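First up is the structure itself, then whatever we jot down about it.
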There are 2 protein chains.
Amino acid sequence: MGKLTRDAVIEQALRIGDDEGLQAVTIRRLAQDLGVTPMALYWHFKNKEQLTVGMGDHLVRGFATEEDATGPWNERLRRLVGGLVDVLRRHACAASVLEEVDQMEVPSFLRVWDTALGLINQAGFTYEESCLIARYLLKGAIALAGGEARDRHGRSDLEAAEARRVKRLGLQSLPRDSYPHIVEMAAPLVDGCSAEVYDTFGVDLLIGGVEVMAARRTASSA
Amino acid sequence: MGKLTRDAVIEQALRIGDDEGLQAVTIRRLAQDLGVTPMALYWHFKNKEQLTVGMGDHLVRGFATEEDATGPWNERLRRLVGGLVDVLRRHACAASVLEEVDQMEVPSFLRVWDTALGLINQAGFTYEESCLIARYLLKGAIALAGGEARDRHGRSDLEAAEARRVKRLGLQSLPRDSYPHIVEMAAPLVDGCSAEVYDTFGVDLLIGGVEVMAARRTASSA
DNA sequence: ACCTGAACACCGTTCAAGT
DNA sequence: ACCTGAACACCGTTCAAGT
C-alpha cells in the first residue's frame, strides 16, 4: 500500500521480464500488477524507452561499480567481460533489455564502456579500432549469453522443455544431405551449452580475438 | 495493378525497413503501401513473425547459395562471415531482421549455420564447442555490423547527421573524470568505423578468436 | 484461390483535471 | 508532488463473407 516508487516499478518490470519475457513488460500490465493507473507510470518515467533504460541501469549497476585495477590489460578485460556475462545469466531478460536500449543511455553501462575503452586503448589500438573492439566485446558477450532464453513467451519450465524437444525434433527431421551438421548437432544446438563452457570458453573466445589482434599490432610495428 | 504476391510484400517490407527502420514495418502500413486490405496479407503469411522470417530469408538467400569449397577451414570460415557482413551492410535493416527472428526458422540462414558448423567441427572442436562458436561468429557478425544504423527512426540522411552531432555533444559533455575515454573517443564512437575497418579488422577479430582456440586445442591434445 | 468488412483485444501516450 | 479519467491513434489478428 506504500506509494509508487521508481525502483518498485523497475523491479516489477524485471520480475515480469524474467518470468515471461521482455515483450510481456507493458505499461498497462505493469500498472495492473502495481495496483495503479497506466498513466501513473508517466510521472516516474518520460516514456517506455526510459523505463527500459531504467531496467538496464538497475541490472548493470551492481557489477559496474566493483573495479579491480590490478593486473595486465587482458586480465582486467577478461574480468570485465566475465562480470557482464554473470549479470546476463542472473536475469533471464537481461540480454533482451541491453539489446533493446541504446547502451549509451544507460549510465552504469557507460561506466563499463569507459573501462573497456581505456583497457583496449592501453593495449595499443587506435581510437577507431578501440571503439570497434569495445563494441565487439560488449555486444558479443550479450549475443553469446542471450541466445537461448530469448523467446520463451511466458511458458513455464515444463512447457519450455517440451518446446525444446519439439524444436530438436524439427531440426533432426531436416534433410540429412542438405543440413548434415545441423541434424548431427541438433541436441547441443537447442539445449545450449553448460554454464562452465560459457564462462570459460565463451569469454576466452572473445578475449582471444583481441589478444591476437594486439599481438599482430606490436609485431608489425616492431 | 498485378495481384499481390508473397515476394512483392517482402520487397516492400524491406524497402520500408531500410528507409524508416524495422519498427515502421507494420501489417497495416504495408497493406496501405500495396493498395490492399491488411487482412489480405494473412493469405500470404500466417502472421507477422512469418513475414519477418520471409524478409530474413530473402536477404540471405542470394549469398547463402554461393559456396566455394576450397582452401583450409579458417579461410572458408572467413569468406562465410565476410559474406554475411556484406549482406548486412547492403540493407540497413538486415541486422535488425536477423536479430528479431529465430534464425533456425530462416531456411537460407540454416544453410549458413550448417556450413559454419561443418567448418568449425572440422577444425577439431567438440559438438558443444562448435555450436557455441557458430553462434559467436554469426551473432557476432550481426552485432558488429548492425550497431550504428539501428535506431534511425525514419529520419532522412540530413536529420541522421544532426542526430549524430547531438549525440556526440552529449557524450563530450559527460564528466571528464568519470568517463575520460568516452569523452576522448566520442567522435569515433558515434560515427562508427569506416567500411574497410569493418570488413578487415572486424572479421579478423571474429575469426582470430576461433583460430586461437583451435591452436590451443591441438597444443593441449598433442 | 484470393481478398474484404467488421470487430476484438490489445498497445503507448496526451491532456486536463483531481487531491 | 503525485495520481486519475477519458480520449486518441495506433497495433496484430480472427472470422464470416464475398468473388
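Chain lettering (A, B, ...) mirrors the order of the C-alpha cells, residue numbering begins at 1 for each chain separately, and ligand numbering begins at 1 in order of display.
The list of residues with at least one atom within 12 Å of Thr26 in chain A, based on only C-alpha atoms (C1' of nucleotides) and without residues fewer than 2 positions apart in the same chain, reads Val9, Ile10, Gln12, Ala13, Leu14, Ile16, Gly17, Glu20, Gly21, Leu22, Gln23, Ala24, Arg28, Arg29, Leu30, Ala31, Gln32, Asp33, Pro38, Leu41, Asn47, Lys48, Glu49, Leu51 and Thr52 of chain A; DC10, DC11 and DG12 of chain C.
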For chain D versus chain A, which residues have an atom no more than 12 Å away, and what is each residue's nearest atom pair and distance in Å rounded to one decimal, using only C-alpha atoms (C1' of nucleotides), chain-then-number order, as CSV?
residue,atom,partner,partner_atom,distance
D:DA1,C1',A:Trp43,CA,9.7
D:DC2,C1',A:Trp43,CA,7.4
D:DC3,C1',A:Ala40,CA,5.7
D:DT4,C1',A:Thr37,CA,7.0
D:DG5,C1',A:Thr37,CA,9.8
D:DA6,C1',A:Met39,CA,11.7
Can you tell me which residues surround Thr70 in chain A at a distance of at most 12 Å, considering only C-alpha atoms (C1' of nucleotides), apart from same-chain residues fewer than 5 positions away, and format the answer as a compact mmCIF listing (two decimals) with C-alpha atoms, in the first residue's frame?
# COMPACT_ATOMS: atom_id res chain seq x y z
CA GLU A 75 43.23 -9.97 -17.47
CA ARG A 76 41.28 -6.90 -16.44
CA LEU A 77 39.32 -7.06 -19.70
CA ARG A 79 37.22 -9.90 -15.61
CA LEU A 119 41.89 -1.02 -21.34
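With CA of Ala116 in chain A on one side and CA of Val85 in chain A on the other, the separation reads 14.3 Å.
Proximity of A:Glu196, A:Asp177, A:Asp114, A:Glu184 to chain B, computed with only C-alpha atoms, is greatest for A:Asp114.
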Restricting to only C-alpha atoms, whichever of A:Phe201, A:Gly35, A:Val166, A:His91 is closest to Phe125 in chain B is A:Phe201
query = So which residues touch Leu174 in chain B within 12 Å, counting only C-alpha atoms (C1' of nucleotides), skipping near sequence neighbours fewer than 3 positions away, as JSON, numbers by chain?
reply = {"A": [104, 105, 107, 110, 111, 114], "B": [167, 168, 169, 170, 171, 177, 178, 179, 180, 181, 182, 183, 184, 185, 186]}
Export, as a short mmCIF file (atom, residue, chain, number, x, y, z; two decimals), in the first residue's frame, the selected residues with N, CA, C and O atoms.
data_model
loop_
_atom_site.label_atom_id
_atom_site.label_comp_id
_atom_site.auth_asym_id
_atom_site.auth_seq_id
_atom_site.Cartn_x
_atom_site.Cartn_y
_atom_site.Cartn_z
N MET A 104 24.36 3.62 -24.64
CA MET A 104 24.98 4.86 -24.17
C MET A 104 24.02 5.70 -23.32
O MET A 104 24.40 6.71 -22.76
N GLU A 105 22.76 5.29 -23.28
CA GLU A 105 21.79 5.99 -22.46
C GLU A 105 21.74 5.43 -21.05
O GLU A 105 21.11 6.00 -20.17
N PRO A 107 23.44 4.82 -17.73
CA PRO A 107 24.59 5.37 -17.02
C PRO A 107 25.59 4.31 -16.56
O PRO A 107 26.79 4.45 -16.82
N LEU A 110 27.54 2.86 -19.26
CA LEU A 110 28.52 3.82 -19.75
C LEU A 110 29.84 3.64 -19.02
O LEU A 110 30.92 3.76 -19.61
N ARG A 111 29.77 3.31 -17.75
CA ARG A 111 30.98 3.03 -16.97
C ARG A 111 31.70 1.80 -17.54
O ARG A 111 32.91 1.78 -17.68
N ASP A 114 33.40 2.78 -20.67
CA ASP A 114 34.59 3.60 -20.45
C ASP A 114 35.77 2.74 -20.00
O ASP A 114 36.88 2.89 -20.51
N LYS B 167 24.27 13.68 -30.39
CA LYS B 167 24.72 12.57 -29.55
C LYS B 167 26.19 12.72 -29.18
O LYS B 167 26.58 12.46 -28.04
N ARG B 168 26.98 13.16 -30.16
CA ARG B 168 28.40 13.34 -29.88
C ARG B 168 28.60 14.42 -28.83
O ARG B 168 29.38 14.26 -27.89
N LEU B 169 27.87 15.50 -28.96
CA LEU B 169 27.96 16.57 -27.97
C LEU B 169 27.55 16.06 -26.59
O LEU B 169 28.14 16.44 -25.58
N GLY B 170 26.53 15.22 -26.56
CA GLY B 170 26.09 14.64 -25.30
C GLY B 170 27.20 13.86 -24.63
O GLY B 170 27.45 14.03 -23.43
N LEU B 171 27.90 13.03 -25.40
CA LEU B 171 28.99 12.24 -24.84
C LEU B 171 30.16 13.13 -24.41
O LEU B 171 30.79 12.90 -23.37
N ASP B 177 36.25 13.34 -15.57
CA ASP B 177 36.97 12.47 -14.64
C ASP B 177 36.27 11.13 -14.43
O ASP B 177 36.90 10.15 -14.05
N SER B 178 34.97 11.07 -14.71
CA SER B 178 34.27 9.79 -14.59
C SER B 178 34.38 8.97 -15.86
O SER B 178 34.53 7.76 -15.82
N TYR B 179 34.27 9.65 -17.00
CA TYR B 179 34.26 8.94 -18.28
C TYR B 179 35.32 9.49 -19.22
O TYR B 179 34.99 10.00 -20.30
N PRO B 180 36.60 9.40 -18.84
CA PRO B 180 37.65 10.05 -19.64
C PRO B 180 37.73 9.51 -21.06
O PRO B 180 37.84 10.28 -22.02
N HIS B 181 37.63 8.20 -21.22
CA HIS B 181 37.84 7.62 -22.55
C HIS B 181 36.65 7.85 -23.46
O HIS B 181 36.81 8.01 -24.66
N ILE B 182 35.45 7.85 -22.89
CA ILE B 182 34.28 8.10 -23.71
C ILE B 182 34.31 9.53 -24.24
O ILE B 182 34.02 9.78 -25.41
N VAL B 183 34.67 10.47 -23.38
CA VAL B 183 34.78 11.87 -23.81
C VAL B 183 35.82 11.98 -24.92
O VAL B 183 35.60 12.61 -25.95
N GLU B 184 36.93 11.29 -24.71
CA GLU B 184 38.04 11.34 -25.66
C GLU B 184 37.66 10.75 -27.02
O GLU B 184 38.02 11.28 -28.06
N MET B 185 36.94 9.65 -26.99
CA MET B 185 36.64 8.94 -28.24
C MET B 185 35.22 9.15 -28.70
O MET B 185 34.69 8.33 -29.48
N ALA B 186 34.59 10.22 -28.27
CA ALA B 186 33.19 10.45 -28.61
C ALA B 186 32.95 10.41 -30.11
O ALA B 186 31.98 9.79 -30.58
#
Report task. Write out as JSON, numbers by chain every residue belonging to chain B that has an atom at most 6 Å from any atom of chain A, counting only C-alpha atoms. Result -> {"B": [114, 118, 128, 131, 136, 140, 144, 179, 181, 182, 188, 189, 205, 208, 209]}
Selection: 10 Å around DT14 in chain C, only C-alpha atoms (C1' of nucleotides), excl. self and same-chain fewer than 2 positions, as a VMD selection string:
(chain A and resid 39) or (chain C and resid 16) or (chain D and resid 7 to 8)
Can you write out the residues you just picked, keeping all heavy atoms, as an mmCIF file, in the first residue's frame?
data_model
loop_
_atom_site.group_PDB
_atom_site.id
_atom_site.type_symbol
_atom_site.label_atom_id
_atom_site.label_comp_id
_atom_site.auth_asym_id
_atom_site.auth_seq_id
_atom_site.Cartn_x
_atom_site.Cartn_y
_atom_site.Cartn_z
ATOM 1 N N MET A 39 -1.353 5.647 -16.436
ATOM 2 C CA MET A 39 -0.776 6.981 -16.561
ATOM 3 C C MET A 39 0.079 7.361 -15.363
ATOM 4 O O MET A 39 0.885 8.282 -15.431
ATOM 5 C CB MET A 39 -1.880 8.012 -16.759
ATOM 6 C CG MET A 39 -2.612 7.846 -18.057
ATOM 7 S SD MET A 39 -3.684 6.401 -18.025
ATOM 8 C CE MET A 39 -5.039 6.962 -17.034
ATOM 9 P P DA C 16 -4.499 20.610 -22.036
ATOM 10 O OP1 DA C 16 -4.675 21.528 -23.163
ATOM 11 O OP2 DA C 16 -3.282 20.677 -21.200
ATOM 12 O "O5'" DA C 16 -5.761 20.709 -21.086
ATOM 13 C "C5'" DA C 16 -7.001 20.138 -21.504
ATOM 14 C "C4'" DA C 16 -7.697 19.492 -20.334
ATOM 15 O "O4'" DA C 16 -6.944 18.335 -19.893
ATOM 16 C "C3'" DA C 16 -7.824 20.408 -19.094
ATOM 17 O "O3'" DA C 16 -9.178 20.451 -18.670
ATOM 18 C "C2'" DA C 16 -6.908 19.761 -18.066
ATOM 19 C "C1'" DA C 16 -6.942 18.295 -18.487
ATOM 20 N N9 DA C 16 -5.783 17.524 -18.032
ATOM 21 C C8 DA C 16 -4.460 17.832 -18.212
ATOM 22 N N7 DA C 16 -3.644 16.954 -17.683
ATOM 23 C C5 DA C 16 -4.477 16.007 -17.111
ATOM 24 C C6 DA C 16 -4.227 14.824 -16.400
ATOM 25 N N6 DA C 16 -2.999 14.368 -16.135
ATOM 26 N N1 DA C 16 -5.294 14.108 -15.981
ATOM 27 C C2 DA C 16 -6.526 14.567 -16.251
ATOM 28 N N3 DA C 16 -6.892 15.664 -16.920
ATOM 29 C C4 DA C 16 -5.809 16.346 -17.326
ATOM 30 P P DA D 7 -14.669 10.134 -23.091
ATOM 31 O OP1 DA D 7 -15.765 11.058 -23.449
ATOM 32 O OP2 DA D 7 -14.909 8.684 -22.927
ATOM 33 O "O5'" DA D 7 -13.503 10.335 -24.161
ATOM 34 C "C5'" DA D 7 -12.841 11.597 -24.217
ATOM 35 C "C4'" DA D 7 -11.568 11.467 -25.025
ATOM 36 O "O4'" DA D 7 -10.587 10.705 -24.280
ATOM 37 C "C3'" DA D 7 -11.734 10.740 -26.368
ATOM 38 O "O3'" DA D 7 -11.424 11.625 -27.416
ATOM 39 C "C2'" DA D 7 -10.742 9.571 -26.285
ATOM 40 C "C1'" DA D 7 -9.783 10.006 -25.195
ATOM 41 N N9 DA D 7 -9.152 8.894 -24.491
ATOM 42 C C8 DA D 7 -9.762 7.845 -23.852
ATOM 43 N N7 DA D 7 -8.932 6.986 -23.315
ATOM 44 C C5 DA D 7 -7.678 7.495 -23.615
ATOM 45 C C6 DA D 7 -6.388 7.052 -23.320
ATOM 46 N N6 DA D 7 -6.132 5.940 -22.635
ATOM 47 N N1 DA D 7 -5.357 7.809 -23.766
ATOM 48 C C2 DA D 7 -5.625 8.932 -24.463
ATOM 49 N N3 DA D 7 -6.808 9.451 -24.802
ATOM 50 C C4 DA D 7 -7.796 8.679 -24.336
ATOM 51 P P DC D 8 -11.557 11.155 -28.948
ATOM 52 O OP1 DC D 8 -12.031 12.318 -29.721
ATOM 53 O OP2 DC D 8 -12.305 9.881 -28.966
ATOM 54 O "O5'" DC D 8 -10.049 10.865 -29.378
ATOM 55 C "C5'" DC D 8 -9.059 11.884 -29.162
ATOM 56 C "C4'" DC D 8 -7.725 11.402 -29.681
ATOM 57 O "O4'" DC D 8 -7.149 10.488 -28.724
ATOM 58 C "C3'" DC D 8 -7.824 10.647 -31.011
ATOM 59 O "O3'" DC D 8 -6.898 11.167 -31.937
ATOM 60 C "C2'" DC D 8 -7.512 9.197 -30.642
ATOM 61 C "C1'" DC D 8 -6.656 9.351 -29.396
ATOM 62 N N1 DC D 8 -6.767 8.181 -28.472
ATOM 63 C C2 DC D 8 -5.600 7.614 -27.948
ATOM 64 O O2 DC D 8 -4.508 8.098 -28.254
ATOM 65 N N3 DC D 8 -5.704 6.552 -27.111
ATOM 66 C C4 DC D 8 -6.914 6.064 -26.804
ATOM 67 N N4 DC D 8 -6.967 5.021 -25.978
ATOM 68 C C5 DC D 8 -8.108 6.629 -27.331
ATOM 69 C C6 DC D 8 -7.994 7.679 -28.154
#
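You will find CA of Thr5 in chain A at 26.1 Å from CA of Glu66 in chain A.
The space between CA of Gly124 in chain B and CA of Ala69 in chain B spans 18.0 Å.
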